[in-house]
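query-v9.cif, holding mmCIF, N, CA and C atoms:
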data_data
loop_
_atom_site.label_atom_id
_atom_site.label_comp_id
_atom_site.auth_asym_id
_atom_site.auth_seq_id
_atom_site.Cartn_x
_atom_site.Cartn_y
_atom_site.Cartn_z
N GLN A 446 135.39 34.37 -82.11
CA GLN A 446 136.71 33.98 -82.61
C GLN A 446 136.55 33.41 -84.02
N VAL A 447 137.43 33.83 -84.91
CA VAL A 447 137.40 33.39 -86.30
C VAL A 447 138.77 32.83 -86.66
N GLN A 448 138.79 31.69 -87.30
CA GLN A 448 140.03 31.13 -87.84
C GLN A 448 139.92 31.07 -89.35
N LEU A 449 141.02 31.39 -90.01
CA LEU A 449 141.06 31.44 -91.46
C LEU A 449 142.08 30.43 -91.98
N VAL A 450 141.68 29.67 -92.98
CA VAL A 450 142.57 28.68 -93.59
C VAL A 450 142.63 28.96 -95.08
N GLU A 451 143.83 29.30 -95.54
CA GLU A 451 144.03 29.62 -96.96
C GLU A 451 144.52 28.40 -97.70
N SER A 452 144.24 28.37 -98.98
CA SER A 452 144.76 27.32 -99.85
C SER A 452 144.86 27.84 -101.27
N GLY A 453 145.66 27.15 -102.07
CA GLY A 453 145.72 27.45 -103.49
C GLY A 453 146.98 28.12 -103.97
N GLY A 454 147.91 28.44 -103.09
CA GLY A 454 149.15 29.05 -103.55
C GLY A 454 150.02 28.06 -104.31
N GLY A 455 151.08 28.58 -104.91
CA GLY A 455 152.00 27.71 -105.62
C GLY A 455 152.85 28.47 -106.61
N LEU A 456 153.42 27.72 -107.54
CA LEU A 456 154.30 28.27 -108.56
C LEU A 456 153.57 28.31 -109.89
N VAL A 457 153.67 29.44 -110.57
CA VAL A 457 153.02 29.59 -111.87
C VAL A 457 153.91 30.43 -112.76
N GLN A 458 153.83 30.19 -114.06
CA GLN A 458 154.64 30.96 -115.01
C GLN A 458 154.01 32.33 -115.26
N PRO A 459 154.82 33.31 -115.64
CA PRO A 459 154.27 34.62 -116.00
C PRO A 459 153.19 34.48 -117.06
N GLY A 460 152.11 35.24 -116.86
CA GLY A 460 150.97 35.15 -117.76
C GLY A 460 149.95 34.09 -117.38
N GLY A 461 150.30 33.28 -116.41
CA GLY A 461 149.41 32.20 -115.99
C GLY A 461 148.39 32.65 -114.97
N SER A 462 147.61 31.68 -114.49
CA SER A 462 146.52 31.95 -113.55
C SER A 462 146.65 31.07 -112.33
N LEU A 463 146.12 31.57 -111.25
CA LEU A 463 146.12 30.83 -109.99
C LEU A 463 144.93 31.30 -109.18
N GLY A 464 144.32 30.38 -108.44
CA GLY A 464 143.20 30.74 -107.59
C GLY A 464 143.51 30.46 -106.13
N LEU A 465 143.16 31.41 -105.28
CA LEU A 465 143.31 31.24 -103.84
C LEU A 465 141.93 31.16 -103.21
N SER A 466 141.85 30.43 -102.12
CA SER A 466 140.60 30.41 -101.34
C SER A 466 140.93 30.55 -99.87
N CYS A 467 139.97 31.04 -99.11
CA CYS A 467 140.15 31.26 -97.68
C CYS A 467 138.83 30.92 -97.00
N ALA A 468 138.88 29.88 -96.20
CA ALA A 468 137.68 29.44 -95.48
C ALA A 468 137.74 29.91 -94.04
N ALA A 469 136.65 30.51 -93.60
CA ALA A 469 136.59 31.06 -92.24
C ALA A 469 135.69 30.22 -91.36
N SER A 470 136.17 29.96 -90.16
CA SER A 470 135.31 29.33 -89.17
C SER A 470 134.55 30.43 -88.44
N GLY A 471 133.57 30.07 -87.67
CA GLY A 471 132.81 31.11 -86.97
C GLY A 471 131.76 31.72 -87.87
N THR A 472 131.17 32.79 -87.41
CA THR A 472 130.06 33.42 -88.13
C THR A 472 130.56 34.62 -88.93
N ILE A 473 130.35 34.56 -90.23
CA ILE A 473 130.68 35.67 -91.12
C ILE A 473 129.38 36.16 -91.73
N VAL A 474 129.09 37.44 -91.58
CA VAL A 474 127.89 38.00 -92.18
C VAL A 474 128.27 38.80 -93.42
N ARG A 475 127.29 39.08 -94.22
CA ARG A 475 127.56 39.70 -95.52
C ARG A 475 128.21 41.07 -95.38
N SER A 476 127.90 41.77 -94.31
CA SER A 476 128.47 43.10 -94.13
C SER A 476 129.90 43.06 -93.60
N ASP A 477 130.36 41.90 -93.16
CA ASP A 477 131.78 41.78 -92.79
C ASP A 477 132.62 41.89 -94.05
N VAL A 478 133.81 42.40 -93.89
CA VAL A 478 134.71 42.54 -95.03
C VAL A 478 135.71 41.39 -95.02
N MET A 479 135.85 40.74 -96.16
CA MET A 479 136.87 39.71 -96.33
C MET A 479 137.78 40.14 -97.47
N GLY A 480 139.05 39.81 -97.36
CA GLY A 480 139.94 40.26 -98.42
C GLY A 480 141.33 39.66 -98.33
N TRP A 481 142.21 40.26 -99.11
CA TRP A 481 143.58 39.74 -99.24
C TRP A 481 144.59 40.89 -99.21
N TYR A 482 145.68 40.62 -98.52
CA TYR A 482 146.87 41.45 -98.58
C TYR A 482 148.01 40.54 -99.05
N ARG A 483 149.13 41.15 -99.42
CA ARG A 483 150.30 40.36 -99.76
C ARG A 483 151.55 41.06 -99.24
N GLN A 484 152.59 40.27 -99.08
CA GLN A 484 153.82 40.81 -98.52
C GLN A 484 155.03 40.10 -99.10
N THR A 485 156.04 40.88 -99.45
CA THR A 485 157.33 40.35 -99.88
C THR A 485 158.38 40.73 -98.84
N PRO A 486 159.47 39.98 -98.79
CA PRO A 486 160.50 40.25 -97.76
C PRO A 486 160.99 41.69 -97.80
N GLY A 487 161.05 42.32 -96.65
CA GLY A 487 161.57 43.67 -96.55
C GLY A 487 160.57 44.76 -96.88
N LYS A 488 159.35 44.35 -97.23
CA LYS A 488 158.33 45.35 -97.57
C LYS A 488 157.14 45.24 -96.64
N GLU A 489 156.36 46.32 -96.56
CA GLU A 489 155.16 46.30 -95.76
C GLU A 489 154.07 45.49 -96.47
N ARG A 490 153.14 45.01 -95.65
CA ARG A 490 152.02 44.28 -96.23
C ARG A 490 151.21 45.23 -97.12
N GLU A 491 150.84 44.72 -98.30
CA GLU A 491 150.20 45.54 -99.33
C GLU A 491 148.77 45.06 -99.57
N PHE A 492 147.83 46.00 -99.60
CA PHE A 492 146.44 45.67 -99.90
C PHE A 492 146.31 45.14 -101.33
N VAL A 493 145.51 44.08 -101.50
CA VAL A 493 145.26 43.51 -102.82
C VAL A 493 143.80 43.70 -103.22
N ALA A 494 142.90 43.18 -102.42
CA ALA A 494 141.47 43.26 -102.75
C ALA A 494 140.65 42.96 -101.52
N ARG A 495 139.41 43.47 -101.51
CA ARG A 495 138.49 43.16 -100.43
C ARG A 495 137.08 43.17 -100.97
N ILE A 496 136.19 42.53 -100.23
CA ILE A 496 134.78 42.51 -100.61
C ILE A 496 133.94 42.53 -99.34
N GLY A 497 132.92 43.37 -99.34
CA GLY A 497 131.99 43.48 -98.23
C GLY A 497 130.64 43.91 -98.77
N SER A 498 129.58 43.30 -98.28
CA SER A 498 128.23 43.57 -98.78
C SER A 498 128.17 43.42 -100.29
N GLY A 499 128.99 42.52 -100.82
CA GLY A 499 128.99 42.23 -102.24
C GLY A 499 129.74 43.22 -103.11
N ILE A 500 130.40 44.19 -102.50
CA ILE A 500 131.10 45.22 -103.26
C ILE A 500 132.61 44.94 -103.25
N PRO A 501 133.19 44.66 -104.42
CA PRO A 501 134.63 44.42 -104.48
C PRO A 501 135.42 45.71 -104.67
N ILE A 502 136.59 45.73 -104.06
CA ILE A 502 137.53 46.85 -104.24
C ILE A 502 138.91 46.25 -104.47
N TYR A 503 139.63 46.84 -105.41
CA TYR A 503 140.93 46.31 -105.82
C TYR A 503 142.02 47.36 -105.72
N ALA A 504 143.22 46.90 -105.47
CA ALA A 504 144.38 47.76 -105.62
C ALA A 504 144.59 48.03 -107.11
N ASP A 505 145.11 49.19 -107.43
CA ASP A 505 145.34 49.54 -108.84
C ASP A 505 146.26 48.53 -109.52
N SER A 506 147.19 47.98 -108.78
CA SER A 506 148.18 47.08 -109.37
C SER A 506 147.58 45.76 -109.84
N VAL A 507 146.39 45.41 -109.37
CA VAL A 507 145.79 44.13 -109.74
C VAL A 507 144.46 44.30 -110.47
N LYS A 508 143.98 45.53 -110.58
CA LYS A 508 142.69 45.78 -111.21
C LYS A 508 142.69 45.29 -112.64
N GLY A 509 141.63 44.55 -112.99
CA GLY A 509 141.54 44.01 -114.33
C GLY A 509 142.18 42.64 -114.49
N ARG A 510 142.97 42.23 -113.52
CA ARG A 510 143.64 40.92 -113.58
C ARG A 510 143.14 39.97 -112.48
N PHE A 511 142.83 40.52 -111.34
CA PHE A 511 142.39 39.72 -110.20
C PHE A 511 140.89 39.92 -109.99
N THR A 512 140.23 38.86 -109.52
CA THR A 512 138.82 38.93 -109.19
C THR A 512 138.59 38.32 -107.81
N ILE A 513 137.91 39.08 -106.95
CA ILE A 513 137.59 38.58 -105.62
C ILE A 513 136.10 38.26 -105.57
N ALA A 514 135.78 37.19 -104.88
CA ALA A 514 134.39 36.79 -104.73
C ALA A 514 134.21 36.15 -103.36
N ALA A 515 133.01 36.25 -102.84
CA ALA A 515 132.71 35.66 -101.53
C ALA A 515 131.49 34.77 -101.62
N ASP A 516 131.57 33.65 -100.94
CA ASP A 516 130.43 32.75 -100.80
C ASP A 516 130.08 32.76 -99.32
N ASN A 517 129.09 33.57 -98.97
CA ASN A 517 128.76 33.74 -97.55
C ASN A 517 128.18 32.47 -96.94
N ALA A 518 127.55 31.66 -97.76
CA ALA A 518 126.99 30.40 -97.24
C ALA A 518 128.11 29.47 -96.79
N LYS A 519 129.27 29.58 -97.43
CA LYS A 519 130.41 28.73 -97.10
C LYS A 519 131.46 29.48 -96.28
N ASN A 520 131.20 30.76 -95.96
CA ASN A 520 132.18 31.57 -95.22
C ASN A 520 133.54 31.54 -95.91
N THR A 521 133.53 31.66 -97.22
CA THR A 521 134.76 31.52 -98.00
C THR A 521 134.92 32.70 -98.94
N VAL A 522 136.15 33.17 -99.05
CA VAL A 522 136.46 34.21 -100.02
C VAL A 522 137.50 33.66 -100.99
N TYR A 523 137.36 34.04 -102.25
CA TYR A 523 138.21 33.54 -103.31
C TYR A 523 138.95 34.71 -103.97
N LEU A 524 140.12 34.39 -104.49
CA LEU A 524 140.85 35.37 -105.28
C LEU A 524 141.35 34.66 -106.54
N GLN A 525 140.77 35.01 -107.66
CA GLN A 525 141.21 34.47 -108.95
C GLN A 525 142.22 35.44 -109.53
N MET A 526 143.41 34.94 -109.80
CA MET A 526 144.49 35.79 -110.28
C MET A 526 144.87 35.35 -111.70
N ASN A 527 144.69 36.26 -112.64
CA ASN A 527 145.02 36.00 -114.04
C ASN A 527 146.14 36.93 -114.50
N SER A 528 146.73 36.59 -115.62
CA SER A 528 147.80 37.41 -116.20
C SER A 528 148.85 37.74 -115.14
N LEU A 529 149.28 36.73 -114.43
CA LEU A 529 150.20 36.96 -113.33
C LEU A 529 151.57 37.44 -113.81
N LYS A 530 152.17 38.30 -113.00
CA LYS A 530 153.47 38.88 -113.29
C LYS A 530 154.45 38.49 -112.18
N PRO A 531 155.74 38.52 -112.49
CA PRO A 531 156.72 38.21 -111.44
C PRO A 531 156.56 39.10 -110.20
N GLU A 532 156.14 40.33 -110.40
CA GLU A 532 155.97 41.23 -109.26
C GLU A 532 154.76 40.89 -108.39
N ASP A 533 153.96 39.94 -108.82
CA ASP A 533 152.86 39.44 -107.97
C ASP A 533 153.36 38.41 -106.96
N THR A 534 154.61 38.00 -107.10
CA THR A 534 155.19 37.04 -106.17
C THR A 534 155.17 37.61 -104.75
N ALA A 535 154.58 36.86 -103.83
CA ALA A 535 154.45 37.32 -102.45
C ALA A 535 153.79 36.23 -101.62
N VAL A 536 153.78 36.45 -100.32
CA VAL A 536 152.92 35.66 -99.45
C VAL A 536 151.59 36.40 -99.38
N TYR A 537 150.53 35.68 -99.69
CA TYR A 537 149.19 36.26 -99.70
C TYR A 537 148.47 35.89 -98.41
N TYR A 538 147.93 36.91 -97.76
CA TYR A 538 147.24 36.74 -96.48
C TYR A 538 145.76 37.08 -96.63
N CYS A 539 144.93 36.19 -96.17
CA CYS A 539 143.49 36.43 -96.10
C CYS A 539 143.17 37.12 -94.79
N TYR A 540 142.15 37.98 -94.80
CA TYR A 540 141.73 38.60 -93.55
C TYR A 540 140.22 38.76 -93.53
N VAL A 541 139.71 38.90 -92.33
CA VAL A 541 138.31 39.23 -92.10
C VAL A 541 138.26 40.42 -91.17
N GLN A 542 137.51 41.43 -91.56
CA GLN A 542 137.27 42.61 -90.72
C GLN A 542 135.78 42.56 -90.36
N LYS A 543 135.50 42.13 -89.15
CA LYS A 543 134.11 41.96 -88.76
C LYS A 543 133.50 43.30 -88.35
N ILE A 544 132.27 43.49 -88.69
CA ILE A 544 131.54 44.68 -88.26
C ILE A 544 131.54 44.75 -86.73
N VAL A 545 131.35 43.59 -86.11
CA VAL A 545 131.43 43.49 -84.65
C VAL A 545 132.34 42.32 -84.33
N GLY A 546 133.46 42.58 -83.69
CA GLY A 546 134.28 41.46 -83.26
C GLY A 546 135.73 41.47 -83.69
N GLY A 547 136.21 42.51 -84.37
CA GLY A 547 137.64 42.63 -84.64
C GLY A 547 138.10 42.08 -85.97
N ASP A 548 139.41 42.06 -86.13
CA ASP A 548 140.06 41.63 -87.36
C ASP A 548 140.78 40.31 -87.14
N TYR A 549 140.80 39.49 -88.17
CA TYR A 549 141.46 38.19 -88.10
C TYR A 549 142.26 37.96 -89.37
N TRP A 550 143.37 37.22 -89.22
CA TRP A 550 144.27 36.98 -90.35
C TRP A 550 144.55 35.49 -90.51
N GLY A 551 144.75 35.08 -91.76
CA GLY A 551 145.20 33.73 -92.04
C GLY A 551 146.70 33.61 -91.90
N GLN A 552 147.20 32.40 -92.12
CA GLN A 552 148.62 32.14 -91.92
C GLN A 552 149.46 32.50 -93.13
N GLY A 553 148.83 32.74 -94.25
CA GLY A 553 149.53 33.12 -95.46
C GLY A 553 149.79 31.94 -96.37
N THR A 554 149.80 32.21 -97.67
CA THR A 554 150.11 31.19 -98.67
C THR A 554 151.03 31.81 -99.72
N GLN A 555 152.06 31.07 -100.10
CA GLN A 555 153.07 31.60 -101.02
C GLN A 555 152.59 31.50 -102.46
N VAL A 556 152.73 32.60 -103.18
CA VAL A 556 152.49 32.62 -104.61
C VAL A 556 153.79 33.06 -105.28
N THR A 557 154.29 32.23 -106.18
CA THR A 557 155.53 32.52 -106.88
C THR A 557 155.26 32.52 -108.38
N VAL A 558 155.59 33.64 -109.02
CA VAL A 558 155.40 33.76 -110.46
C VAL A 558 156.79 33.82 -111.09
N SER A 559 157.15 32.74 -111.78
CA SER A 559 158.50 32.64 -112.31
C SER A 559 158.52 31.64 -113.44
N SER A 560 159.41 31.89 -114.43
CA SER A 560 159.60 30.93 -115.51
C SER A 560 160.73 29.97 -115.18
#

Is it possible to express this structure as structure tokens?
Amino acid sequence: QVQLVESGGGLVQPGGSLGLSCAASGTIVRSDVMGWYRQTPGKEREFVARIGSGIPIYADSVKGRFTIAADNAKNTVYLQMNSLKPEDTAVYYCYVQKIVGGDYWGQGTQVTVSS
């Protein structure tokens, strides 16, 4: 069983930066995938970024602006978001896809990009 606790959401102006973190309880190994999705009202959850075995993958909409990193010693994944746009406004969800043991999701954290 894995529990995920996200932190770092909030309000930021367009062009600004914000960092999210997600701490996982339980055992996370390097080959497990950790990442982020986001969702706005009335829309399906959208892939943002993931990292597994040290390899990051990004959605085209955030490539070059967002950076994902994992600290396996701390069972934590980070999402640094730069050059934020109003369309980045969403609830951001952390997830873990374990090689053995299923998928787990965090409770979500709100990110609002507005002047």

For this session: Would you translate the PyMOL selection byres ((chain A and resi 462) around 6) into the concrete set of residues it matches in this file, as a ChimeraX atom specification?
Result: /A:460-461,463-464,526-529

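Among the candidates A:Ile513, A:Val556, A:Val536, A:Val522, the residue lying nearest to Ser466 (chain A) is A:Val522 (atoms considered: all atoms listed in the file).
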
For this session: Work out how far apart atom C of Met479 (chain A) and atom C of Tyr537 (chain A) are and give it in Å to one decimal.
Result: 11.5 Å

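Minimum atom-to-atom distance to Val478 (chain A), evaluated using all atoms listed in the file, belongs to A:Gln542 out of A:Gln542, A:Asn520, A:Gln552, A:Thr557.
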
Problem set entry | Residues matched by the PyMOL selection byres (((chain A and resi 475 and name CA) around 8) and name CA), written as an NGL selection string | :A and (473-474 or 476-478 or 497-499 or 517)

With N, CA and C atoms retained, export the selected residues as a PDB file, in the coordinates of the input.
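Written out: result.pdb:
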ATOM      1  N   ILE A 473     130.350  34.560 -90.230  1.00  0.00           N
ATOM      2  CA  ILE A 473     130.680  35.670 -91.120  1.00  0.00           C
ATOM      3  C   ILE A 473     129.380  36.160 -91.730  1.00  0.00           C
ATOM      4  N   VAL A 474     129.090  37.440 -91.580  1.00  0.00           N
ATOM      5  CA  VAL A 474     127.890  38.000 -92.180  1.00  0.00           C
ATOM      6  C   VAL A 474     128.270  38.800 -93.420  1.00  0.00           C
ATOM      7  N   SER A 476     127.900  41.770 -94.310  1.00  0.00           N
ATOM      8  CA  SER A 476     128.470  43.100 -94.130  1.00  0.00           C
ATOM      9  C   SER A 476     129.900  43.060 -93.600  1.00  0.00           C
ATOM     10  N   ASP A 477     130.360  41.900 -93.160  1.00  0.00           N
ATOM     11  CA  ASP A 477     131.780  41.780 -92.790  1.00  0.00           C
ATOM     12  C   ASP A 477     132.620  41.890 -94.050  1.00  0.00           C
ATOM     13  N   VAL A 478     133.810  42.400 -93.890  1.00  0.00           N
ATOM     14  CA  VAL A 478     134.710  42.540 -95.030  1.00  0.00           C
ATOM     15  C   VAL A 478     135.710  41.390 -95.020  1.00  0.00           C
ATOM     16  N   GLY A 497     132.920  43.370 -99.340  1.00  0.00           N
ATOM     17  CA  GLY A 497     131.990  43.480 -98.230  1.00  0.00           C
ATOM     18  C   GLY A 497     130.640  43.910 -98.770  1.00  0.00           C
ATOM     19  N   SER A 498     129.580  43.300 -98.280  1.00  0.00           N
ATOM     20  CA  SER A 498     128.230  43.570 -98.780  1.00  0.00           C
ATOM     21  C   SER A 498     128.170  43.420-100.290  1.00  0.00           C
ATOM     22  N   GLY A 499     128.990  42.520-100.820  1.00  0.00           N
ATOM     23  CA  GLY A 499     128.990  42.230-102.240  1.00  0.00           C
ATOM     24  C   GLY A 499     129.740  43.220-103.110  1.00  0.00           C
ATOM     25  N   ASN A 517     129.090  33.570 -98.970  1.00  0.00           N
ATOM     26  CA  ASN A 517     128.760  33.740 -97.550  1.00  0.00           C
ATOM     27  C   ASN A 517     128.180  32.470 -96.940  1.00  0.00           C
TER      28      ASN A 517
END

For this session: as a ChimeraX atom specification, please: all residues of chain A that backbone DSSP puts in strand (DSSP E).
Result: /A:449-452,455-457,463-469,478-484,491-497,500-503,511-516,521-526,535-543,547-550,554-558

For this session: May I ask for the distance between atom C of Thr472 (chain A) and atom N of Thr485 (chain A), given in Å to one decimal place?
Result: 28.3 Å

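Comparing A:Gln446, A:Gln484, A:Ser452, A:Ser560 by their smallest distance to Pro531 (chain A), the closest is A:Ser560 (using only N, CA and C atoms).
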
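Residues with at least one atom no more than 6 Å from (140.0, 34.8, -88.1), using only C-alpha atoms, are Val447, Gln448, Leu449, Tyr549 and Trp550 of chain A.
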
For this session: Between atom N of Ser559 (chain A) and CA of Asp516 (chain A), measure the distance and give it in Å to one decimal.
Result: 28.9 Å

For this session: Evaluate the PyMOL selection byres (((chain A and resi 483 and name CA) around 10) and name CA) here and jot the selected residues down as a ChimeraX atom specification.
Result: /A:481-482,484-485,488-494,533-539,553-556

With N, CA and C atoms kept, could you save the residues just selected as a JSON list (two decimals), keeping the file's coordinate frame?
[["chain", "number", "residue", "atom", "x", "y", "z"],
["A", 481, "TRP", "N", 142.21, 40.26, -99.11],
["A", 481, "TRP", "CA", 143.58, 39.74, -99.24],
["A", 481, "TRP", "C", 144.59, 40.89, -99.21],
["A", 482, "TYR", "N", 145.68, 40.62, -98.52],
["A", 482, "TYR", "CA", 146.87, 41.45, -98.58],
["A", 482, "TYR", "C", 148.01, 40.54, -99.05],
["A", 484, "GLN", "N", 152.59, 40.27, -99.08],
["A", 484, "GLN", "CA", 153.82, 40.81, -98.52],
["A", 484, "GLN", "C", 155.03, 40.10, -99.10],
["A", 485, "THR", "N", 156.04, 40.88, -99.45],
["A", 485, "THR", "CA", 157.33, 40.35, -99.88],
["A", 485, "THR", "C", 158.38, 40.73, -98.84],
["A", 488, "LYS", "N", 159.35, 44.35, -97.23],
["A", 488, "LYS", "CA", 158.33, 45.35, -97.57],
["A", 488, "LYS", "C", 157.14, 45.24, -96.64],
["A", 489, "GLU", "N", 156.36, 46.32, -96.56],
["A", 489, "GLU", "CA", 155.16, 46.30, -95.76],
["A", 489, "GLU", "C", 154.07, 45.49, -96.47],
["A", 490, "ARG", "N", 153.14, 45.01, -95.65],
["A", 490, "ARG", "CA", 152.02, 44.28, -96.23],
["A", 490, "ARG", "C", 151.21, 45.23, -97.12],
["A", 491, "GLU", "N", 150.84, 44.72, -98.30],
["A", 491, "GLU", "CA", 150.20, 45.54, -99.33],
["A", 491, "GLU", "C", 148.77, 45.06, -99.57],
["A", 492, "PHE", "N", 147.83, 46.00, -99.60],
["A", 492, "PHE", "CA", 146.44, 45.67, -99.90],
["A", 492, "PHE", "C", 146.31, 45.14, -101.33],
["A", 493, "VAL", "N", 145.51, 44.08, -101.50],
["A", 493, "VAL", "CA", 145.26, 43.51, -102.82],
["A", 493, "VAL", "C", 143.80, 43.70, -103.22],
["A", 494, "ALA", "N", 142.90, 43.18, -102.42],
["A", 494, "ALA", "CA", 141.47, 43.26, -102.75],
["A", 494, "ALA", "C", 140.65, 42.96, -101.52],
["A", 533, "ASP", "N", 153.96, 39.94, -108.82],
["A", 533, "ASP", "CA", 152.86, 39.44, -107.97],
["A", 533, "ASP", "C", 153.36, 38.41, -106.96],
["A", 534, "THR", "N", 154.61, 38.00, -107.10],
["A", 534, "THR", "CA", 155.19, 37.04, -106.17],
["A", 534, "THR", "C", 155.17, 37.61, -104.75],
["A", 535, "ALA", "N", 154.58, 36.86, -103.83],
["A", 535, "ALA", "CA", 154.45, 37.32, -102.45],
["A", 535, "ALA", "C", 153.79, 36.23, -101.62],
["A", 536, "VAL", "N", 153.78, 36.45, -100.32],
["A", 536, "VAL", "CA", 152.92, 35.66, -99.45],
["A", 536, "VAL", "C", 151.59, 36.40, -99.38],
["A", 537, "TYR", "N", 150.53, 35.68, -99.69],
["A", 537, "TYR", "CA", 149.19, 36.26, -99.70],
["A", 537, "TYR", "C", 148.47, 35.89, -98.41],
["A", 538, "TYR", "N", 147.93, 36.91, -97.76],
["A", 538, "TYR", "CA", 147.24, 36.74, -96.48],
["A", 538, "TYR", "C", 145.76, 37.08, -96.63],
["A", 539, "CYS", "N", 144.93, 36.19, -96.17],
["A", 539, "CYS", "CA", 143.49, 36.43, -96.10],
["A", 539, "CYS", "C", 143.17, 37.12, -94.79],
["A", 553, "GLY", "N", 148.83, 32.74, -94.25],
["A", 553, "GLY", "CA", 149.53, 33.12, -95.46],
["A", 553, "GLY", "C", 149.79, 31.94, -96.37],
["A", 554, "THR", "N", 149.80, 32.21, -97.67],
["A", 554, "THR", "CA", 150.11, 31.19, -98.67],
["A", 554, "THR", "C", 151.03, 31.81, -99.72],
["A", 555, "GLN", "N", 152.06, 31.07, -100.10],
["A", 555, "GLN", "CA", 153.07, 31.60, -101.02],
["A", 555, "GLN", "C", 152.59, 31.50, -102.46],
["A", 556, "VAL", "N", 152.73, 32.60, -103.18],
["A", 556, "VAL", "CA", 152.49, 32.62, -104.61],
["A", 556, "VAL", "C", 153.79, 33.06, -105.28]]

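Take the candidates A:Val558, A:Val450, A:Val541, A:Ile502 and check each one against Cys467 (chain A) using only C-alpha atoms; the shortest distance goes to A:Val450.
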
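The shortest atom-to-atom distance to Ala518 (chain A), with only C-alpha atoms taken into account, belongs to A:Gly471 out of A:Gly471, A:Pro501, A:Pro486, A:Gly547.
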
As a CSV table (one decimal), in the frame of the given file, please: region 515-526 of chain A completed to N, CA, C and O atoms.
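Done, and the output landed in part17.csv:
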chain,number,residue,atom,x,y,z
A,515,ALA,N,133.0,36.2,-102.8
A,515,ALA,CA,132.7,35.7,-101.5
A,515,ALA,C,131.5,34.8,-101.6
A,515,ALA,O,130.5,35.1,-102.3
A,516,ASP,N,131.6,33.6,-100.9
A,516,ASP,CA,130.4,32.8,-100.8
A,516,ASP,C,130.1,32.8,-99.3
A,516,ASP,O,130.7,32.1,-98.5
A,517,ASN,N,129.1,33.6,-99.0
A,517,ASN,CA,128.8,33.7,-97.6
A,517,ASN,C,128.2,32.5,-96.9
A,517,ASN,O,128.3,32.2,-95.7
A,518,ALA,N,127.6,31.7,-97.8
A,518,ALA,CA,127.0,30.4,-97.2
A,518,ALA,C,128.1,29.5,-96.8
A,518,ALA,O,127.9,28.7,-95.9
A,519,LYS,N,129.3,29.6,-97.4
A,519,LYS,CA,130.4,28.7,-97.1
A,519,LYS,C,131.5,29.5,-96.3
A,519,LYS,O,132.5,28.9,-96.0
A,520,ASN,N,131.2,30.8,-96.0
A,520,ASN,CA,132.2,31.6,-95.2
A,520,ASN,C,133.5,31.5,-95.9
A,520,ASN,O,134.6,31.4,-95.3
A,521,THR,N,133.5,31.7,-97.2
A,521,THR,CA,134.8,31.5,-98.0
A,521,THR,C,134.9,32.7,-98.9
A,521,THR,O,133.9,33.1,-99.6
A,522,VAL,N,136.2,33.2,-99.0
A,522,VAL,CA,136.5,34.2,-100.0
A,522,VAL,C,137.5,33.7,-101.0
A,522,VAL,O,138.4,32.9,-100.6
A,523,TYR,N,137.4,34.0,-102.2
A,523,TYR,CA,138.2,33.5,-103.3
A,523,TYR,C,139.0,34.7,-104.0
A,523,TYR,O,138.4,35.8,-104.0
A,524,LEU,N,140.1,34.4,-104.5
A,524,LEU,CA,140.8,35.4,-105.3
A,524,LEU,C,141.4,34.7,-106.5
A,524,LEU,O,142.2,33.8,-106.5
A,525,GLN,N,140.8,35.0,-107.7
A,525,GLN,CA,141.2,34.5,-109.0
A,525,GLN,C,142.2,35.4,-109.5
A,525,GLN,O,141.9,36.6,-109.7
A,526,MET,N,143.4,34.9,-109.8
A,526,MET,CA,144.5,35.8,-110.3
A,526,MET,C,144.9,35.4,-111.7
A,526,MET,O,145.3,34.2,-111.9
